[in-house]
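Undergrad: Structure: entry.cif, mmCIF, C-alpha atoms.
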data_entry
#
loop_
_atom_site.group_PDB
_atom_site.id
_atom_site.type_symbol
_atom_site.label_atom_id
_atom_site.label_comp_id
_atom_site.auth_asym_id
_atom_site.auth_seq_id
_atom_site.Cartn_x
_atom_site.Cartn_y
_atom_site.Cartn_z
ATOM 1 C CA MET A 429 -27.080 -24.425 -9.736
ATOM 2 C CA THR A 430 -24.573 -27.014 -10.940
ATOM 3 C CA ASP A 431 -22.561 -29.344 -8.751
ATOM 4 C CA ASN A 432 -19.351 -27.516 -9.710
ATOM 5 C CA THR A 433 -20.834 -24.215 -8.551
ATOM 6 C CA ILE A 434 -21.944 -25.700 -5.220
ATOM 7 C CA GLN A 435 -18.522 -27.280 -4.727
ATOM 8 C CA ARG A 436 -16.771 -23.997 -5.517
ATOM 9 C CA GLN A 437 -18.977 -22.044 -3.097
ATOM 10 C CA ARG A 438 -18.347 -24.525 -0.298
ATOM 11 C CA LEU A 439 -14.612 -24.272 -0.881
ATOM 12 C CA LEU A 440 -14.810 -20.485 -0.813
ATOM 13 C CA VAL A 441 -16.673 -20.541 2.510
ATOM 14 C CA ILE A 442 -14.070 -22.908 4.001
ATOM 15 C CA PHE A 443 -11.128 -20.817 2.818
ATOM 16 C CA TRP A 444 -12.759 -17.555 3.919
ATOM 17 C CA LEU A 445 -13.310 -18.944 7.424
ATOM 18 C CA LEU A 446 -9.771 -20.335 7.511
ATOM 19 C CA ALA A 447 -8.275 -17.051 6.329
ATOM 20 C CA ILE A 448 -10.294 -15.024 8.858
ATOM 21 C CA VAL A 449 -9.422 -17.289 11.790
ATOM 22 C CA LEU A 450 -5.716 -17.403 10.923
ATOM 23 C CA GLY A 451 -5.646 -13.651 10.363
ATOM 24 C CA LEU A 452 -7.320 -13.058 13.713
ATOM 25 C CA LEU A 453 -4.863 -15.346 15.496
ATOM 26 C CA HIS A 454 -1.928 -13.665 13.782
ATOM 27 C CA THR A 455 -3.210 -10.230 14.764
ATOM 28 C CA TRP A 456 -3.738 -11.337 18.364
ATOM 29 C CA ARG A 457 -0.215 -12.797 18.511
ATOM 30 C CA ALA A 458 1.265 -9.609 17.105
ATOM 31 C CA PHE A 459 -0.663 -7.456 19.594
ATOM 32 C CA TYR A 460 2.214 -7.573 22.075
ATOM 33 C CA ASP A 461 4.786 -6.577 19.452
ATOM 34 C CA LEU A 462 3.126 -3.326 18.428
ATOM 35 C CA ILE A 463 5.388 -0.850 20.203
ATOM 36 C CA ASP A 464 7.846 -0.344 17.388
ATOM 37 C CA PRO A 465 8.977 2.813 15.571
ATOM 38 C CA ASP A 466 6.749 2.288 12.526
ATOM 39 C CA SER A 467 3.598 1.778 14.608
ATOM 40 C CA ILE A 468 4.379 4.927 16.575
ATOM 41 C CA SER A 469 5.034 6.781 13.338
ATOM 42 C CA TYR A 470 1.772 5.726 11.695
ATOM 43 C CA LEU A 471 -0.235 6.597 14.811
ATOM 44 C CA GLU A 472 1.346 10.013 15.103
ATOM 45 C CA MET A 473 0.793 10.674 11.419
ATOM 46 C CA GLY A 474 -2.877 9.859 11.924
ATOM 47 C CA GLU A 475 -3.052 12.176 14.938
ATOM 48 C CA ALA A 476 -1.316 14.910 12.930
ATOM 49 C CA PHE A 477 -4.082 14.738 10.306
ATOM 50 C CA LEU A 478 -6.733 14.920 13.035
ATOM 51 C CA ARG A 479 -5.266 18.046 14.635
ATOM 52 C CA ARG A 480 -4.421 19.523 11.192
ATOM 53 C CA ASP A 481 -0.716 19.685 11.877
ATOM 54 C CA TRP A 482 0.167 19.911 8.195
ATOM 55 C CA GLN A 483 3.903 20.381 8.771
ATOM 56 C CA MET A 484 4.020 16.896 10.261
ATOM 57 C CA ALA A 485 1.187 15.285 8.275
ATOM 58 C CA ILE A 486 2.373 16.230 4.783
ATOM 59 C CA ASN A 487 5.390 13.968 4.779
ATOM 60 C CA ALA A 488 7.322 12.664 1.795
ATOM 61 C CA TYR A 489 8.431 9.458 3.527
ATOM 62 C CA TRP A 490 5.182 8.095 5.011
ATOM 63 C CA SER A 491 2.303 7.652 2.569
ATOM 64 C CA PRO A 492 -1.022 8.965 3.863
ATOM 65 C CA PHE A 493 -3.579 6.211 3.234
ATOM 66 C CA TYR A 494 -2.863 3.994 6.258
ATOM 67 C CA PRO A 495 -2.514 6.997 8.631
ATOM 68 C CA TRP A 496 -5.916 8.147 7.349
ATOM 69 C CA LEU A 497 -7.409 4.802 8.382
ATOM 70 C CA LEU A 498 -5.835 5.143 11.830
ATOM 71 C CA ALA A 499 -7.122 8.711 12.060
ATOM 72 C CA VAL A 500 -10.675 7.539 11.335
ATOM 73 C CA ALA A 501 -10.378 4.824 13.991
ATOM 74 C CA LEU A 502 -9.021 7.276 16.551
ATOM 75 C CA ALA A 503 -11.777 9.777 15.776
ATOM 76 C CA VAL A 504 -14.497 7.133 16.115
ATOM 77 C CA LEU A 505 -13.212 5.182 19.115
ATOM 78 C CA HIS A 506 -11.569 7.990 21.149
ATOM 79 C CA PRO A 507 -9.347 5.515 23.004
ATOM 80 C CA PRO A 508 -7.560 6.595 26.190
ATOM 81 C CA LEU A 509 -3.798 6.878 26.052
ATOM 82 C CA SER A 510 -3.290 3.427 27.598
ATOM 83 C CA TRP A 511 -5.390 1.805 24.822
ATOM 84 C CA LYS A 512 -4.225 3.890 21.881
ATOM 85 C CA PHE A 513 -1.920 1.166 20.554
ATOM 86 C CA ALA A 514 -4.852 -1.249 20.495
ATOM 87 C CA VAL A 515 -6.190 0.751 17.539
ATOM 88 C CA VAL A 516 -3.330 -0.532 15.377
ATOM 89 C CA PRO A 517 -4.280 -4.253 15.395
ATOM 90 C CA LEU A 518 -7.961 -3.383 14.967
ATOM 91 C CA VAL A 519 -7.266 -1.314 11.877
ATOM 92 C CA ASP A 520 -4.748 -3.817 10.571
ATOM 93 C CA PHE A 521 -7.233 -6.666 10.887
ATOM 94 C CA ALA A 522 -9.850 -4.550 9.100
ATOM 95 C CA VAL A 523 -7.307 -3.955 6.317
ATOM 96 C CA TYR A 524 -6.661 -7.693 6.195
ATOM 97 C CA LEU A 525 -10.388 -8.376 5.737
ATOM 98 C CA GLY A 526 -10.519 -5.739 3.033
ATOM 99 C CA MET A 527 -7.541 -7.348 1.335
ATOM 100 C CA LEU A 528 -9.321 -10.719 1.475
ATOM 101 C CA SER A 529 -12.408 -9.187 -0.169
ATOM 102 C CA CYS A 530 -10.269 -7.575 -2.884
ATOM 103 C CA PHE A 531 -8.542 -10.886 -3.545
ATOM 104 C CA HIS A 532 -11.939 -12.582 -3.824
ATOM 105 C CA PHE A 533 -12.858 -10.026 -6.483
ATOM 106 C CA PHE A 534 -9.643 -10.837 -8.352
ATOM 107 C CA VAL A 535 -10.292 -14.606 -8.232
ATOM 108 C CA SER A 536 -13.908 -14.111 -9.337
ATOM 109 C CA GLU A 537 -12.790 -12.105 -12.358
ATOM 110 C CA GLU A 538 -10.207 -14.760 -13.206
ATOM 111 C CA LEU A 539 -12.883 -17.466 -13.143
ATOM 112 C CA ARG A 540 -15.189 -15.315 -15.266
ATOM 113 C CA LEU A 541 -12.440 -14.863 -17.859
ATOM 114 C CA ARG A 542 -11.831 -18.623 -17.923
ATOM 115 C CA ARG A 543 -15.523 -19.291 -18.542
ATOM 116 C CA ALA A 544 -15.586 -16.721 -21.350
ATOM 117 C CA GLN A 545 -12.537 -18.299 -22.972
ATOM 118 C CA MET A 546 -14.046 -21.778 -22.718
ATOM 119 C CA ALA A 547 -17.327 -20.574 -24.208
ATOM 120 C CA ALA A 548 -15.530 -18.855 -27.093
ATOM 121 C CA CYS A 549 -13.362 -21.889 -27.877
ATOM 122 C CA SER A 550 -15.169 -24.872 -29.310
ATOM 123 C CA SER A 551 -12.061 -27.032 -29.582
ATOM 124 C CA PRO A 552 -12.356 -30.257 -27.569
ATOM 125 C CA GLN A 553 -8.575 -30.204 -27.091
ATOM 126 C CA LEU A 554 -8.766 -27.199 -24.772
ATOM 127 C CA VAL A 555 -7.772 -28.378 -21.294
ATOM 128 C CA MET A 556 -8.146 -26.101 -18.272
ATOM 129 C CA LEU A 557 -7.870 -26.737 -14.558
ATOM 130 C CA PRO A 558 -11.174 -27.201 -12.738
ATOM 131 C CA GLU A 559 -12.403 -24.134 -10.913
ATOM 132 C CA TRP A 560 -12.139 -25.805 -7.505
ATOM 133 C CA VAL A 561 -8.423 -26.430 -8.133
ATOM 134 C CA VAL A 562 -7.935 -22.772 -9.048
ATOM 135 C CA CYS A 563 -9.684 -21.720 -5.831
ATOM 136 C CA VAL A 564 -7.614 -24.068 -3.659
ATOM 137 C CA VAL A 565 -4.319 -22.892 -5.148
ATOM 138 C CA ALA A 566 -5.284 -19.219 -5.144
ATOM 139 C CA TYR A 567 -6.519 -19.014 -1.555
ATOM 140 C CA THR A 568 -3.678 -21.147 -0.233
ATOM 141 C CA LEU A 569 -1.219 -18.713 -1.791
ATOM 142 C CA PHE A 570 -3.209 -15.778 -0.433
ATOM 143 C CA ILE A 571 -3.082 -17.056 3.144
ATOM 144 C CA TRP A 572 0.623 -17.845 2.894
ATOM 145 C CA ILE A 573 1.563 -14.494 1.347
ATOM 146 C CA SER A 574 -0.695 -12.431 3.600
ATOM 147 C CA LEU A 575 0.425 -13.974 6.881
ATOM 148 C CA ASP A 576 4.076 -14.527 5.969
ATOM 149 C CA TRP A 577 5.284 -11.929 3.475
ATOM 150 C CA LEU A 578 2.718 -9.256 4.411
ATOM 151 C CA GLY A 579 2.080 -10.417 7.956
ATOM 152 C CA SER A 580 4.364 -8.039 9.811
ATOM 153 C CA LEU A 581 2.770 -5.025 11.448
ATOM 154 C CA VAL A 582 6.039 -3.170 10.875
ATOM 155 C CA SER A 583 4.804 -2.312 7.364
ATOM 156 C CA PRO A 584 0.988 -2.517 7.450
ATOM 157 C CA ALA A 585 0.695 -0.172 4.476
ATOM 158 C CA ASP A 586 1.866 -3.076 2.300
ATOM 159 C CA ARG A 587 -1.481 -4.775 2.894
ATOM 160 C CA CYS A 588 -3.264 -1.660 1.669
ATOM 161 C CA VAL A 589 -1.159 -1.718 -1.489
ATOM 162 C CA ALA A 590 -1.895 -5.423 -1.989
ATOM 163 C CA ALA A 591 -5.636 -4.769 -1.715
ATOM 164 C CA PHE A 592 -5.511 -2.053 -4.373
ATOM 165 C CA VAL A 593 -3.352 -4.197 -6.659
ATOM 166 C CA TYR A 594 -5.811 -7.110 -6.376
ATOM 167 C CA VAL A 595 -8.673 -4.837 -7.432
ATOM 168 C CA ALA A 596 -6.640 -3.287 -10.271
ATOM 169 C CA ALA A 597 -5.683 -6.743 -11.570
ATOM 170 C CA GLY A 598 -9.299 -7.868 -11.290
ATOM 171 C CA LEU A 599 -10.460 -4.868 -13.298
ATOM 172 C CA LEU A 600 -7.901 -5.662 -15.995
ATOM 173 C CA LEU A 601 -9.312 -9.192 -16.175
ATOM 174 C CA ARG A 602 -12.830 -7.767 -16.391
ATOM 175 C CA MET A 603 -11.764 -5.601 -19.312
ATOM 176 C CA ARG A 604 -10.531 -8.722 -21.112
ATOM 177 C CA SER A 605 -13.516 -10.920 -20.313
ATOM 178 C CA ALA A 606 -16.539 -8.742 -20.893
ATOM 179 C CA SER A 607 -16.853 -5.248 -19.500
ATOM 180 C CA ARG A 608 -15.065 -2.477 -21.376
ATOM 181 C CA GLN A 609 -17.444 0.214 -20.209
ATOM 182 C CA TRP A 610 -16.260 3.696 -19.325
ATOM 183 C CA TRP A 611 -16.974 3.310 -15.621
ATOM 184 C CA THR A 612 -14.674 0.272 -15.454
ATOM 185 C CA PHE A 613 -11.765 2.350 -16.715
ATOM 186 C CA ILE A 614 -12.607 5.302 -14.468
ATOM 187 C CA LEU A 615 -12.767 3.005 -11.459
ATOM 188 C CA PHE A 616 -9.461 1.519 -12.597
ATOM 189 C CA GLY A 617 -7.816 4.944 -12.446
ATOM 190 C CA VAL A 618 -9.307 5.664 -9.025
ATOM 191 C CA VAL A 619 -7.986 2.358 -7.662
ATOM 192 C CA LEU A 620 -4.495 3.070 -8.991
ATOM 193 C CA GLY A 621 -4.643 6.486 -7.358
ATOM 194 C CA GLY A 622 -5.515 4.849 -4.047
ATOM 195 C CA ALA A 623 -2.568 2.472 -4.482
ATOM 196 C CA TYR A 624 -0.223 5.448 -4.845
ATOM 197 C CA LEU A 625 -1.647 7.026 -1.679
ATOM 198 C CA ALA A 626 -0.869 3.752 0.108
ATOM 199 C CA LYS A 627 2.729 3.534 -1.189
ATOM 200 C CA ALA A 628 4.614 6.044 -3.339
ATOM 201 C CA ALA A 629 6.268 3.227 -5.301
ATOM 202 C CA MET A 630 2.911 2.606 -6.988
ATOM 203 C CA PHE A 631 3.104 5.951 -8.820
ATOM 204 C CA PRO A 632 5.472 4.756 -11.591
ATOM 205 C CA LEU A 633 3.938 1.270 -11.559
ATOM 206 C CA ALA A 634 0.498 2.803 -12.161
ATOM 207 C CA PHE A 635 1.563 3.841 -15.658
ATOM 208 C CA ILE A 636 2.343 0.204 -16.486
ATOM 209 C CA PHE A 637 -1.176 -0.755 -15.350
ATOM 210 C CA LEU A 638 -2.679 2.110 -17.367
ATOM 211 C CA ALA A 639 -0.774 1.075 -20.490
ATOM 212 C CA SER A 640 -1.955 -2.514 -20.004
ATOM 213 C CA SER A 641 -5.582 -1.389 -20.002
ATOM 214 C CA ILE A 642 -5.181 -0.026 -23.534
ATOM 215 C CA PHE A 643 -4.248 -3.487 -24.803
ATOM 216 C CA SER A 644 -6.977 -5.332 -22.911
ATOM 217 C CA GLY A 645 -8.961 -6.011 -26.080
ATOM 218 C CA GLY A 646 -11.476 -4.423 -28.403
ATOM 219 C CA SER A 647 -10.982 -1.490 -30.751
ATOM 220 C CA PHE A 648 -7.550 0.032 -30.129
ATOM 221 C CA ARG A 649 -8.762 3.579 -30.788
ATOM 222 C CA ARG A 650 -11.647 3.165 -28.359
ATOM 223 C CA GLN A 651 -9.329 1.627 -25.773
ATOM 224 C CA VAL A 652 -6.986 4.607 -26.021
ATOM 225 C CA TRP A 653 -9.817 6.987 -25.158
ATOM 226 C CA ARG A 654 -10.925 4.821 -22.269
ATOM 227 C CA GLY A 655 -7.340 4.510 -21.088
ATOM 228 C CA LEU A 656 -7.159 8.309 -21.175
ATOM 229 C CA ALA A 657 -10.265 8.429 -18.958
ATOM 230 C CA ALA A 658 -8.526 6.091 -16.496
ATOM 231 C CA PHE A 659 -5.425 8.326 -16.567
ATOM 232 C CA ILE A 660 -7.518 11.433 -15.844
ATOM 233 C CA ALA A 661 -9.234 9.662 -12.928
ATOM 234 C CA PHE A 662 -5.792 8.652 -11.630
ATOM 235 C CA LEU A 663 -4.571 12.261 -11.819
ATOM 236 C CA VAL A 664 -7.648 13.533 -9.997
ATOM 237 C CA ILE A 665 -6.887 11.225 -7.068
ATOM 238 C CA VAL A 666 -3.104 11.732 -6.842
ATOM 239 C CA SER A 667 -2.771 15.418 -7.748
ATOM 240 C CA PRO A 668 -3.832 16.932 -4.384
ATOM 241 C CA TRP A 669 -1.241 14.922 -2.453
ATOM 242 C CA ILE A 670 1.520 15.524 -5.032
ATOM 243 C CA LEU A 671 0.788 19.260 -4.993
ATOM 244 C CA ALA A 672 0.848 19.304 -1.187
ATOM 245 C CA LEU A 673 4.190 17.460 -1.095
ATOM 246 C CA SER A 674 5.686 19.654 -3.803
ATOM 247 C CA HIS A 675 4.563 22.820 -2.027
ATOM 248 C CA ALA A 676 6.008 21.604 1.285
ATOM 249 C CA HIS A 677 9.412 20.756 -0.244
ATOM 250 C CA GLY A 678 9.671 23.561 -2.784
ATOM 251 C CA TYR A 679 9.991 21.374 -5.880
ATOM 252 C CA LEU A 680 7.896 18.857 -7.797
ATOM 253 C CA THR A 681 7.929 15.418 -6.149
ATOM 254 C CA PHE A 682 5.598 12.464 -5.634
ATOM 255 C CA GLY A 683 7.577 11.143 -2.639
ATOM 256 C CA LEU A 684 11.119 10.810 -1.366
ATOM 257 C CA SER A 685 11.145 7.323 0.147
ATOM 258 C CA GLY A 686 12.764 6.014 -3.042
ATOM 259 C CA LYS A 687 15.693 8.414 -2.676
ATOM 260 C CA LEU A 688 16.168 7.395 0.941
ATOM 261 C CA ASN A 689 16.186 3.703 0.118
ATOM 262 C CA TYR A 690 18.566 4.284 -2.791
ATOM 263 C CA ALA A 691 20.931 6.171 -0.495
ATOM 264 C CA TRP A 692 20.768 3.402 2.136
ATOM 265 C CA MET A 693 20.912 0.328 -0.082
ATOM 266 C CA VAL A 694 23.005 1.498 -3.038
ATOM 267 C CA ASN A 695 25.211 4.356 -1.871
ATOM 268 C CA GLY A 696 25.941 2.846 1.533
ATOM 269 C CA VAL A 697 24.786 5.781 3.638
ATOM 270 C CA THR A 698 24.572 4.841 7.315
ATOM 271 C CA ARG A 699 21.087 3.427 7.780
ATOM 272 C CA HIS A 700 19.802 4.619 11.128
ATOM 273 C CA ILE A 701 17.797 7.572 12.307
ATOM 274 C CA HIS A 702 20.739 9.335 14.000
ATOM 275 C CA TRP A 703 22.658 9.854 10.771
ATOM 276 C CA GLN A 704 25.343 12.481 11.280
ATOM 277 C CA GLY A 705 26.807 12.441 7.764
ATOM 278 C CA GLU A 706 28.504 9.042 7.629
ATOM 279 C CA PRO A 707 30.304 7.926 5.508
ATOM 280 C CA PRO A 708 32.380 10.950 4.486
ATOM 281 C CA ALA A 709 31.261 12.813 1.362
ATOM 282 C CA SER A 710 27.674 11.550 1.807
ATOM 283 C CA GLY A 711 26.243 14.982 2.503
ATOM 284 C CA MET A 712 24.821 16.290 5.752
ATOM 285 C CA PRO A 713 21.291 16.056 7.170
ATOM 286 C CA ARG A 714 19.197 19.189 7.117
ATOM 287 C CA HIS A 715 17.871 18.607 10.645
ATOM 288 C CA PRO A 716 20.299 16.259 12.396
ATOM 289 C CA THR A 717 19.961 14.988 15.913
ATOM 290 C CA ARG A 718 22.561 16.408 18.294
ATOM 291 C CA LYS A 719 24.838 13.862 19.932
ATOM 292 C CA LEU A 720 25.239 14.697 23.598
ATOM 293 C CA PHE A 721 27.333 11.758 24.810
ATOM 294 C CA GLU A 722 29.489 9.139 23.125
ATOM 295 C CA ARG A 723 29.243 6.418 25.807
ATOM 296 C CA PRO A 724 26.441 5.677 26.128
ATOM 297 C CA PRO A 725 25.291 7.337 22.893
ATOM 298 C CA ILE A 726 22.639 9.916 23.775
ATOM 299 C CA TYR A 727 21.004 12.163 21.197
ATOM 300 C CA HIS A 728 18.857 15.266 21.438
ATOM 301 C CA PHE A 729 16.214 16.446 18.965
ATOM 302 C CA ALA A 730 13.827 19.283 19.815
ATOM 303 C CA THR A 731 12.902 21.178 16.654
ATOM 304 C CA PRO A 732 11.458 21.733 14.095
ATOM 305 C CA ILE A 733 9.331 18.552 14.128
ATOM 306 C CA GLY A 734 7.339 17.386 17.142
ATOM 307 C CA GLY A 735 6.143 13.967 18.235
ATOM 308 C CA SER A 736 7.006 11.355 20.825
ATOM 309 C CA TYR A 737 10.063 10.291 18.803
ATOM 310 C CA PRO A 738 10.556 12.743 15.909
ATOM 311 C CA PRO A 739 13.672 11.137 14.344
ATOM 312 C CA GLY A 740 11.767 7.889 13.855
ATOM 313 C CA THR A 741 8.440 9.456 12.979
ATOM 314 C CA ILE A 742 9.579 11.833 10.290
ATOM 315 C CA ARG A 743 12.831 10.262 9.009
ATOM 316 C CA HIS A 744 14.330 13.783 8.829
ATOM 317 C CA ILE A 745 17.645 12.639 7.452
ATOM 318 C CA GLY A 746 17.885 15.642 5.183
ATOM 319 C CA MET A 747 16.299 15.611 1.760
ATOM 320 C CA ARG A 748 18.634 18.239 0.315
ATOM 321 C CA ALA A 749 21.605 16.091 1.279
ATOM 322 C CA LEU A 750 20.072 13.196 -0.630
ATOM 323 C CA GLN A 751 20.205 15.213 -3.832
ATOM 324 C CA PHE A 752 23.964 15.375 -3.339
ATOM 325 C CA ILE A 753 24.129 11.656 -2.471
ATOM 326 C CA LEU A 754 22.383 10.588 -5.667
ATOM 327 C CA ILE A 755 24.577 12.555 -8.073
#
Could the structure of this file be written out as structure tokens, please?

TA:
Amino acid sequence: MTDNTIQRQRLLVIFWLLAIVLGLLHTWRAFYDLIDPDSISYLEMGEAFLRRDWQMAINAYWSPFYPWLLAVALAVLHPPLSWKFAVVPLVDFAVYLGMLSCFHFFVSEELRLRRAQMAACSSPQLVMLPEWVVCVVAYTLFIWISLDWLGSLVSPADRCVAAFVYVAAGLLLRMRSASRQWWTFILFGVVLGGAYLAKAAMFPLAFIFLASSIFSGGSFRRQVWRGLAAFIAFLVIVSPWILALSHAHGYLTFGLSGKLNYAWMVNGVTRHIHWQGEPPASGMPRHPTRKLFERPPIYHFATPIGGSYPPGTIRHIGMRALQFILI
């Protein structure tokens, strides 16, 4: 074992410990800020899967992967009602550790590719950063991004997406450095499918990743066939959820969160859960809340969706109205 390898391993141990400690402290600090609409929504989505309440569980706004993790934790731990919210930081910290492991895979594949490039190039003019510098920069950025940009428990599914993206990027690097075996491409498609189940926005982005795998090196014809294998694996993972969503809404869709965000951010539709049709000519919600009093504003919502706070849990702003909004 060379001195560079020992130095790199020591740095990795230091950064792993630092990342774990900081992540644990961040999770502990955020423990008292958990009672927010998104945390309630994710928990109730997980409970809906456990009790097989498909009308609530098959939802085009909330992606299912993170609720599945919460459902597993609830099924294993069986927490009492007073401790149910404690499941959220436990699962989120587990996701954070998984994201750290996925990032380590990405960095390892990057270092492998660098070694392969250095071995293939005999030019003495080739200058590359030392591996310990790459590790320092990479893990510093990881800690900063994970605890700052992705540190809020308001959107914990973003960490799940980041983990899948790290693995997908690492597999692309592996395809370039050495391994262009069939199982690498099949695993690549499975990972992209998991990324879509974590966030619907990854569905169109997955095709960019799949196209990139074709140009990762080697015989183009062979890469096309392997890219097709990755595409088939991707379809196998995403098709059940897309079919369930399409059946629930009566038309083909992979998710409607994009339409909602477009309506809010581009078309200026009033962005709150008690949307009553403002501004004029924006359409009307399919299942609006009923405003009982003006001062103070009090709303009523009883059916058709259940939950402790259905307007926040399901985002039932009215998907048919959005079709009118986006024209």

Undergrad: Within 12 Å of (-11.6, -10.2, -6.9), in the coordinates the file gives, what residues turn up when you count all atoms listed in the file, written out as an NGL selection string?

TA: :A and (526-541 or 563 or 566-567 or 570 or 590-602)

Undergrad: Using the chain letters and numbers from the file, which residues does the PyMOL selection byres ((chain A and resi 615) around 10) grab, as a PyMOL selection string?

TA: chain A and resi 595-596+599+610-614+616-621+657-658+661-662

Undergrad: Considering only C-alpha atoms, state which residue in the set A:His702, A:Gly711, A:Val519, A:His675 is at the smallest distance from His728 of chain A.

TA: A:His702

Undergrad: Enter the distance from atom CA of Pro558 of chain A to atom CA of Ser641 of chain A, in Å, rounded to one decimal.

TA: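 Value for the atom CA of Pro558 of chain A-atom CA of Ser641 of chain A distance: 27.4 Å.
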
Undergrad: Report, in Å to a single decimal, how far apart atom CA of Ser685 of chain A and atom CA of Leu656 of chain A are.

TA: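 So the two atoms, atom CA of Leu656 of chain A and atom CA of Ser685 of chain A, lie 28.1 Å apart.
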
Undergrad: Could you work out how far atom CA of Arg650 of chain A lies from atom CA of Arg608 of chain A, giving the answer in Å with one decimal?

TA: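 Between these atoms lies a distance of 9.6 Å.
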
Undergrad: Using the file's own x, y and z axes, so that the box edges lie along x, y and z, what centre and edge lengths in Å (one decimal) does a box around every listed atom of segment 723-730 of chain A get when 6 Å is added on each side? Give it as JSON.

TA:
{"center_x": 21.5, "center_y": 12.5, "center_z": 22.5, "size_x": 27.4, "size_y": 25.6, "size_z": 19.2}

Undergrad: For the point (-7.6, -12.8, 10.3) in the file's frame, write as a ChimeraX atom specification all residues with an atom no more than 12 Å away, counting only C-alpha atoms.

TA: /A:443-458,517-528,570-571,574-575,579

Undergrad: Quick one: segment 491-503 of chain A with N, CA and C atoms, as a compact mmCIF listing (two decimals), in the frame of the given file?

TA:
# COMPACT_ATOMS: atom_id res chain seq x y z
N SER A 491 3.48 7.45 3.41
CA SER A 491 2.30 7.65 2.57
C SER A 491 1.07 7.82 3.45
N PRO A 492 0.05 8.54 2.97
CA PRO A 492 -1.02 8.96 3.86
C PRO A 492 -2.17 7.99 4.05
N PHE A 493 -2.34 6.99 3.19
CA PHE A 493 -3.58 6.21 3.23
C PHE A 493 -3.76 5.48 4.56
N TYR A 494 -2.73 4.73 5.00
CA TYR A 494 -2.86 3.99 6.26
C TYR A 494 -3.00 4.93 7.45
N PRO A 495 -2.23 6.04 7.55
CA PRO A 495 -2.51 7.00 8.63
C PRO A 495 -3.93 7.54 8.61
N TRP A 496 -4.52 7.70 7.41
CA TRP A 496 -5.92 8.15 7.35
C TRP A 496 -6.84 7.12 8.00
N LEU A 497 -6.59 5.84 7.75
CA LEU A 497 -7.41 4.80 8.38
C LEU A 497 -7.27 4.85 9.90
N LEU A 498 -6.04 5.03 10.39
CA LEU A 498 -5.84 5.14 11.83
C LEU A 498 -6.51 6.39 12.38
N ALA A 499 -6.48 7.48 11.62
CA ALA A 499 -7.12 8.71 12.06
C ALA A 499 -8.63 8.52 12.20
N VAL A 500 -9.23 7.81 11.25
CA VAL A 500 -10.68 7.54 11.34
C VAL A 500 -10.98 6.70 12.57
N ALA A 501 -10.16 5.68 12.82
CA ALA A 501 -10.38 4.82 13.99
C ALA A 501 -10.21 5.61 15.29
N LEU A 502 -9.22 6.46 15.35
CA LEU A 502 -9.02 7.28 16.55
C LEU A 502 -10.18 8.25 16.76
N ALA A 503 -10.67 8.82 15.66
CA ALA A 503 -11.78 9.78 15.78
C ALA A 503 -13.07 9.09 16.21
